[in-house]
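Just upload.txt here, compact mmCIF, C-alpha atoms:
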# COMPACT_ATOMS: atom_id res chain seq x y z
CA MET I 1 360.23 114.59 36.65
CA SER I 2 356.71 115.87 36.04
CA LEU I 3 354.47 115.62 39.08
CA GLN I 4 350.76 115.12 39.00
CA LYS I 5 348.86 118.34 39.50
CA PRO I 6 347.62 118.37 43.09
CA MET I 7 344.04 119.00 44.16
CA MET I 8 343.54 122.73 44.02
CA ARG I 9 339.89 123.15 44.89
CA GLY I 10 337.20 121.71 47.04
CA LEU I 11 339.52 120.85 49.93
CA LEU I 12 337.21 122.17 52.62
CA ALA I 13 334.18 120.57 51.01
CA LYS I 14 335.95 117.23 50.93
CA ARG I 15 336.90 117.52 54.56
CA LEU I 16 333.41 118.52 55.59
CA ARG I 17 331.84 115.65 53.63
CA PHE I 18 333.88 113.32 55.77
CA HIS I 19 333.84 115.00 59.15
CA LEU I 20 330.41 116.60 59.40
CA PRO I 21 328.37 113.36 59.52
CA ILE I 22 330.79 112.05 62.13
CA ALA I 23 330.51 115.23 64.13
CA PHE I 24 326.72 115.22 64.07
CA GLY I 25 326.60 111.53 64.84
CA LEU I 26 328.90 111.80 67.83
CA SER I 27 326.99 114.82 69.14
CA PHE I 28 323.68 112.98 68.95
CA LEU I 29 325.24 110.00 70.65
CA ALA I 30 326.56 112.22 73.41
CA ALA I 31 323.14 113.80 73.92
CA ILE I 32 321.37 110.45 73.98
CA ALA I 33 323.90 109.02 76.38
CA PHE I 34 323.49 112.02 78.68
CA LYS I 35 319.70 111.70 78.60
CA TYR I 36 319.67 108.08 79.62
CA THR I 37 322.51 108.17 82.12
CA VAL I 38 321.75 111.47 83.84
CA THR I 39 318.37 113.04 83.22
CA GLU I 40 316.17 109.93 83.33
CA PRO I 41 317.70 108.61 86.58
CA ARG I 42 317.39 112.08 88.04
CA LYS I 43 313.71 112.32 87.17
CA GLN I 44 313.17 108.90 88.67
CA ALA I 45 315.03 109.86 91.85
CA TYR I 46 312.84 112.92 92.31
CA ALA I 47 309.68 110.94 91.66
CA ASP I 48 310.67 108.27 94.18
CA PHE I 49 311.59 110.86 96.79
CA TYR I 50 308.29 112.64 96.64
CA LYS I 51 306.21 109.46 96.63
CA GLN I 52 307.01 108.90 100.31
CA TYR I 53 307.49 112.50 101.35
CA ASP I 54 305.69 113.86 104.37
CA ALA I 55 306.27 117.60 104.46
CA VAL I 56 304.88 118.11 107.98
CA LYS I 57 307.04 115.39 109.45
CA GLU I 58 310.13 116.85 107.83
CA PHE I 59 309.21 120.31 109.05
CA ASN I 60 308.85 119.14 112.63
CA ALA I 61 312.15 117.31 112.47
CA MET I 62 313.86 120.46 111.25
CA ARG I 63 312.10 122.53 113.90
CA GLU I 64 313.30 120.27 116.68
CA ALA I 65 316.83 120.50 115.35
CA GLY I 66 316.59 124.27 115.82
CA VAL I 67 317.36 125.53 112.35
CA PHE I 68 314.35 127.86 112.08
CA GLU I 69 314.12 131.37 113.43
CA SER I 70 310.36 131.78 113.05
CA VAL I 71 309.51 128.71 115.17
CA ARG I 72 311.70 127.55 118.02
CA PRO I 73 311.84 123.86 119.08
CA SER I 74 308.68 122.77 120.96
CA GLY I 75 310.55 122.51 124.25
CA GLU I 76 311.31 126.27 124.57
CA MET Y 1 357.55 129.09 67.04
CA ALA Y 2 361.00 129.33 68.50
CA LEU Y 3 362.30 130.49 65.16
CA LEU Y 4 359.65 133.18 65.03
CA TYR Y 5 360.49 134.33 68.50
CA CYS Y 6 364.17 134.58 67.64
CA HIS Y 7 363.30 136.33 64.43
CA ASP Y 8 361.22 138.94 66.18
CA THR Y 9 363.72 139.62 68.92
CA ALA Y 10 366.53 139.70 66.39
CA ILE Y 11 364.68 142.34 64.42
CA TYR Y 12 363.98 144.31 67.56
CA ILE Y 13 367.61 144.17 68.60
CA GLN Y 14 368.84 145.07 65.17
CA THR Y 15 366.75 148.16 64.92
CA THR Y 16 368.19 149.57 68.09
CA ILE Y 17 371.80 148.56 67.72
CA VAL Y 18 374.13 151.38 68.61
CA PHE Y 19 376.94 152.06 66.27
CA GLU Y 20 380.11 153.34 67.75
CA VAL Y 21 381.23 156.33 65.81
CA ARG Y 22 384.90 156.10 66.32
CA GLU Y 23 386.58 157.93 63.51
CA ARG Y 24 386.72 161.63 63.95
CA ASN Y 25 385.98 162.37 60.34
CA LYS Y 26 382.71 160.42 60.61
CA ARG Y 27 381.78 162.44 63.67
CA ASP Y 28 382.57 165.61 61.79
CA TYR Y 29 380.46 164.35 58.92
CA PHE Y 30 377.46 163.96 61.19
CA LEU Y 31 378.04 167.29 62.81
CA SER Y 32 377.97 168.84 59.41
CA GLN Y 33 374.66 167.11 58.86
CA GLY Y 34 373.18 169.19 61.66
CA LEU Y 35 373.05 166.44 64.27
CA LYS Y 36 374.88 168.39 66.92
CA ASN Y 37 372.32 168.03 69.61
CA LYS Y 38 371.86 164.30 69.29
CA ASN Y 39 373.84 161.72 71.17
CA LEU Y 40 376.12 160.66 68.38
CA ASP Y 41 376.68 157.29 69.98
CA CYS Y 42 373.06 156.37 69.59
CA ILE Y 43 372.28 157.16 65.99
CA LEU Y 44 370.40 154.49 64.11
CA LEU Y 45 372.57 152.78 61.60
CA GLU Y 46 370.33 153.77 58.70
CA GLN Y 47 372.34 156.86 58.00
CA LEU Y 48 375.61 154.97 57.87
CA VAL Y 49 374.64 151.84 56.02
CA PRO Y 50 375.01 152.00 52.28
CA LYS Y 51 372.01 150.97 50.21
CA ALA Y 52 373.70 147.83 48.97
CA THR Y 53 373.56 146.20 52.42
CA LEU Y 54 371.54 142.99 52.38
CA PRO Y 55 369.18 142.82 55.35
CA VAL Y 56 368.86 139.18 56.38
CA SER Y 57 366.61 138.78 59.37
CA VAL Y 58 368.63 136.12 61.17
CA HIS Y 59 370.44 136.38 64.47
CA PRO Y 60 372.61 139.50 64.57
CA GLU Y 61 375.90 137.84 63.85
CA VAL Y 62 376.06 140.22 60.92
CA ALA Y 63 377.57 143.52 61.91
CA GLY Y 64 375.05 146.26 61.37
CA SER Y 65 371.29 146.66 61.51
CA VAL Y 66 368.44 145.85 59.17
CA ASP Y 67 366.58 148.30 56.98
CA MET Y 68 363.01 147.48 57.97
CA SER Y 69 361.52 149.52 55.18
CA GLN Y 70 362.82 147.06 52.57
CA PRO Y 71 361.43 143.58 51.92
CA LEU Y 72 363.17 141.02 54.10
CA TYR Y 73 364.21 137.43 53.63
CA TRP Y 74 363.52 134.79 56.26
CA ASP Y 75 363.44 131.01 56.58
CA ARG Y 76 360.07 130.04 58.03
CA LEU Y 77 358.19 126.81 57.70
CA ASP Y 78 354.89 128.55 57.10
CA THR Y 79 356.26 131.09 54.61
CA PRO Y 80 357.57 129.14 51.66
CA LEU Y 81 358.20 132.26 49.54
CA PRO Y 82 359.69 135.13 51.55
CA ASP Y 83 359.40 138.72 50.44
CA ARG Y 84 362.63 138.63 48.51
CA ALA Y 85 365.26 136.20 47.27
CA TYR Y 86 368.16 135.35 49.51
CA LYS Y 87 370.95 136.57 47.27
CA GLU Y 88 370.39 139.93 45.69
CA VAL Y 89 373.95 140.60 44.63
CA LEU Y 90 374.65 137.89 42.06
CA THR Y 91 378.02 136.77 40.85
CA ALA Y 92 378.66 136.43 37.12
CA ALA Y 93 378.04 132.67 37.37
CA ASP Y 94 374.72 133.27 39.15
CA LYS Y 95 373.70 135.77 36.52
CA SER Y 96 374.43 133.38 33.69
CA LEU Y 97 372.41 130.71 35.54
CA LYS Y 98 369.51 133.09 35.85
CA GLN Y 99 369.67 133.68 32.11
CA LYS Y 100 369.64 129.93 31.50
CA GLU Y 101 366.69 129.64 33.87
CA LYS Y 102 364.65 131.68 31.45
CA GLY Y 103 364.80 128.85 28.95
CA PRO Y 104 363.32 125.35 29.25
CA TRP Y 105 364.13 123.90 32.62
CA SER Y 106 364.70 120.40 31.29
CA GLN Y 107 368.03 121.69 30.01
CA LEU Y 108 369.24 122.52 33.52
CA SER Y 109 371.45 119.98 35.17
CA LYS Y 110 370.78 118.84 38.71
CA GLU Y 111 373.68 120.89 40.11
CA GLU Y 112 372.43 123.98 38.30
CA LYS Y 113 368.97 123.54 39.74
CA ILE Y 114 370.42 123.22 43.22
CA ALA Y 115 372.58 126.30 42.64
CA LEU Y 116 369.51 128.25 41.51
CA TYR Y 117 367.68 127.11 44.63
CA ARG Y 118 370.50 128.32 46.80
CA VAL Y 119 370.41 131.70 45.10
CA THR Y 120 366.79 132.17 46.08
CA PHE Y 121 366.79 130.40 49.44
CA ARG Y 122 369.19 130.13 52.34
CA GLN Y 123 367.99 126.88 53.86
CA THR Y 124 366.00 123.96 52.54
CA TYR Y 125 362.95 122.77 54.42
CA ALA Y 126 364.92 119.78 55.63
CA GLU Y 127 367.56 122.10 57.05
CA MET Y 128 364.95 124.34 58.63
CA LYS Y 129 363.28 121.41 60.31
CA GLN Y 130 366.44 120.11 61.89
CA PRO Y 131 365.85 119.71 65.59
CA SER Y 132 367.89 121.75 68.00
CA ALA Y 133 368.70 121.27 71.64
CA GLU Y 134 366.71 124.36 72.57
CA TRP Y 135 364.02 122.32 74.31
CA LYS Y 136 366.48 121.38 77.02
CA THR Y 137 367.11 125.03 77.78
CA VAL Y 138 363.39 125.72 77.77
CA MET Y 139 362.53 122.86 80.10
CA GLY Y 140 365.45 123.74 82.33
CA GLY Y 141 364.25 127.31 82.58
CA VAL Y 142 360.67 126.21 83.23
CA PHE Y 143 361.66 123.90 86.07
CA PHE Y 144 364.05 126.44 87.51
CA PHE Y 145 361.38 129.10 87.73
CA LEU Y 146 358.83 126.62 89.05
CA GLY Y 147 361.28 125.79 91.79
CA PHE Y 148 361.87 129.44 92.53
CA THR Y 149 358.12 130.00 92.68
CA GLY Y 150 357.89 127.17 95.15
CA LEU Y 151 360.41 128.89 97.39
CA VAL Y 152 358.49 132.13 97.11
CA VAL Y 153 355.26 130.38 98.12
CA TRP Y 154 356.98 128.75 101.06
CA TRP Y 155 358.28 132.11 102.27
CA GLN Y 156 354.80 133.59 101.86
CA ALA Y 157 353.28 130.82 103.95
CA ALA Y 158 355.78 131.57 106.67
CA TYR Y 159 355.72 135.39 106.67
CA VAL Y 160 352.73 136.72 104.77
CA TYR Y 161 349.58 134.64 105.31
CA PRO Y 162 347.31 135.72 108.18
CA GLU Y 163 345.84 133.32 110.72
CA ARG Y 164 343.39 130.70 109.48
CA PRO Y 165 339.73 131.59 110.10
CA ARG Y 166 338.01 129.78 113.00
CA THR Y 167 335.63 128.15 110.54
CA PHE Y 168 338.43 125.80 109.49
CA THR Y 169 338.76 124.01 112.81
CA ASP Y 170 337.45 120.47 113.05
CA GLU Y 171 335.03 121.40 115.79
CA TRP Y 172 333.43 124.12 113.70
CA LYS Y 173 333.32 121.90 110.63
CA ALA Y 174 331.56 119.15 112.58
CA LYS Y 175 328.94 121.63 113.82
CA GLN Y 176 328.56 122.94 110.28
CA LEU Y 177 327.99 119.45 108.92
CA LYS Y 178 325.36 118.68 111.54
CA ARG Y 179 323.57 121.92 110.74
CA MET Y 180 323.55 121.07 107.03
CA LEU Y 181 321.97 117.69 107.77
CA ASP Y 182 319.39 119.33 110.05
CA MET Y 183 318.47 121.73 107.27
CA ARG Y 184 318.08 118.78 104.88
CA ILE Y 185 320.51 120.22 102.34
CA ASN Y 186 319.99 118.45 98.96
CA PRO Y 187 317.88 115.58 100.30
CA ILE Y 188 317.09 113.98 96.95
CA GLU Y 189 320.39 113.35 95.19
CA GLY Y 190 322.99 115.32 97.16
CA PHE Y 191 324.31 115.77 100.65
CA SER Y 192 321.45 114.77 102.93
CA SER Y 193 320.42 111.92 100.66
CA LYS Y 194 323.58 110.11 101.83
CA TRP Y 195 322.58 110.31 105.49
CA ASP Y 196 320.30 107.75 107.10
CA TYR Y 197 318.06 109.79 109.41
CA GLU Y 198 316.55 106.81 111.18
CA LYS Y 199 319.81 105.21 112.13
CA GLY Y 200 321.79 108.44 112.52
CA GLN Y 201 324.70 107.41 110.33
CA TRP Y 202 325.92 107.65 106.75
CA LYS Y 203 324.26 105.27 104.33

Take the structure in this file and express it as structure tokens.
Amino acid sequence: MSLQKPMMRGLLAKRLRFHLPIAFGLSFLAAIAFKYTVTEPRKQAYADFYKQYDAVKEFNAMREAGVFESVRPSGE
Amino acid sequence: MALLYCHDTAIYIQTTIVFEVRERNKRDYFLSQGLKNKNLDCILLEQLVPKATLPVSVHPEVAGSVDMSQPLYWDRLDTPLPDRAYKEVLTAADKSLKQKEKGPWSQLSKEEKIALYRVTFRQTYAEMKQPSAEWKTVMGGVFFFLGFTGLVVWWQAAYVYPERPRTFTDEWKAKQLKRMLDMRINPIEGFSSKWDYEKGQWK
């Protein structure tokens, strides 16, 4: 029974030829998916928030609630 | 891995096996070797074992210890060719087989090839891979100790832990939550963004 000589060389190269494109592809996909599911909505949320943001009004609301130490609520 | 663990502990045990020096003439022999001050019951076997002893690093069913300075034989899945052959002391039949092995192998019969294999190796890969019931012992031990740990934790909760801080009461937590909303914690995407400030309720 004479067996065929097995592959002795190039085993890592063969594996890399197959797996590296897949690895890079999946990584790019993951990055793109993250960008469009997380970062873009987040940027939009911040933009929308600050469109209608009145800093003075917010400050007064916080002051009345009594969270500041430098300014007490207007009643005191 | 279990095999490796057994192998290592077996080696460790074998190197520290005590040998009971029973016969008086052996004791006298050692005394004459200048070992008076040592505990004769705890001498490593090296001095008693003749050189022809075959160290096989399996479980210590074999009486005696292993000479760790010599190459050892072991059956391991990831070591196909151990440091030495299994049988070092060959019978006449084995020796003649070894001679025949030096010629063309096509002239060896199937039984002779198997016999040659068994000279060099103790177990085949199929035999090595045979499953054992060890996993049941392992899982049993794991669950037993998990259960014991549970009892220990229970006892600790009863006798060791101090009182809970006052910040854990519902009243304090409600005040804390209100203060976080007043401070507008994370108003864009986080905590305060979920609160409707006009209506005074969660969105």

Exercise. Taking all atoms listed in the file into account, which residues of chain I are within 12 Å of chain Y, as a ChimeraX atom specification?
Worked result: /I:1-2,38,41-53,55,58-68

Exercise. What does the distance from CA of Glu40 in chain I to CA of Gly190 in chain Y come to in Å, to one decimal?
Worked result: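 Between CA of Glu40 in chain I and CA of Gly190 in chain Y the gap works out to 16.3 Å.
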
Exercise. Could you work out how far CA of Pro82 in chain Y lies from CA of Gln123 in chain Y, giving the answer in Å with one decimal?
Worked result: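 So the answer is 11.9 Å.
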
For this session: Would you mind listing what lies within 7 Å of range 116-121 of chain Y as a ChimeraX atom specification, with all atoms listed in the file counted and same-chain residues fewer than 4 positions away left out?
Result: /Y:85-87,112

For this session: Provide the CA of Val56 in chain I to CA of Ser70 in chain I distance in Å, to one decimal place.
Result: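 So the answer is 15.6 Å.
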
Complete range 29-46 of chain I with N, CA and C atoms (output as a compact mmCIF listing (two decimals), keeping the file's coordinate frame).
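Ended up saving to part-v2.txt:
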# COMPACT_ATOMS: atom_id res chain seq x y z
N LEU I 29 324.96 111.09 69.72
CA LEU I 29 325.24 110.00 70.65
C LEU I 29 325.49 110.55 72.04
N ALA I 30 326.26 111.63 72.10
CA ALA I 30 326.56 112.22 73.41
C ALA I 30 325.28 112.69 74.10
N ALA I 31 324.39 113.32 73.32
CA ALA I 31 323.14 113.80 73.92
C ALA I 31 322.29 112.65 74.40
N ILE I 32 322.19 111.60 73.58
CA ILE I 32 321.37 110.45 73.98
C ILE I 32 321.95 109.79 75.21
N ALA I 33 323.26 109.65 75.22
CA ALA I 33 323.90 109.02 76.38
C ALA I 33 323.64 109.84 77.64
N PHE I 34 323.75 111.17 77.52
CA PHE I 34 323.49 112.02 78.68
C PHE I 34 322.06 111.85 79.17
N LYS I 35 321.11 111.82 78.21
CA LYS I 35 319.70 111.70 78.60
C LYS I 35 319.48 110.46 79.42
N TYR I 36 320.03 109.33 78.96
CA TYR I 36 319.67 108.08 79.62
C TYR I 36 320.58 107.72 80.79
N THR I 37 321.68 108.42 80.93
CA THR I 37 322.51 108.17 82.12
C THR I 37 322.32 109.21 83.19
N VAL I 38 321.84 110.40 82.84
CA VAL I 38 321.75 111.47 83.84
C VAL I 38 320.31 111.91 84.05
N THR I 39 319.66 112.38 82.98
CA THR I 39 318.37 113.04 83.22
C THR I 39 317.29 112.05 83.61
N GLU I 40 317.23 110.89 82.97
CA GLU I 40 316.17 109.93 83.33
C GLU I 40 316.34 109.41 84.76
N PRO I 41 317.55 109.00 85.17
CA PRO I 41 317.70 108.61 86.58
C PRO I 41 317.35 109.73 87.54
N ARG I 42 317.67 110.96 87.14
CA ARG I 42 317.39 112.08 88.04
C ARG I 42 315.89 112.26 88.20
N LYS I 43 315.17 112.18 87.08
CA LYS I 43 313.71 112.32 87.17
C LYS I 43 313.13 111.22 88.04
N GLN I 44 313.67 110.02 87.87
CA GLN I 44 313.17 108.90 88.67
C GLN I 44 313.46 109.11 90.15
N ALA I 45 314.66 109.63 90.45
CA ALA I 45 315.03 109.86 91.85
C ALA I 45 314.09 110.86 92.49
N TYR I 46 313.76 111.93 91.75
CA TYR I 46 312.84 112.92 92.31
C TYR I 46 311.46 112.32 92.52
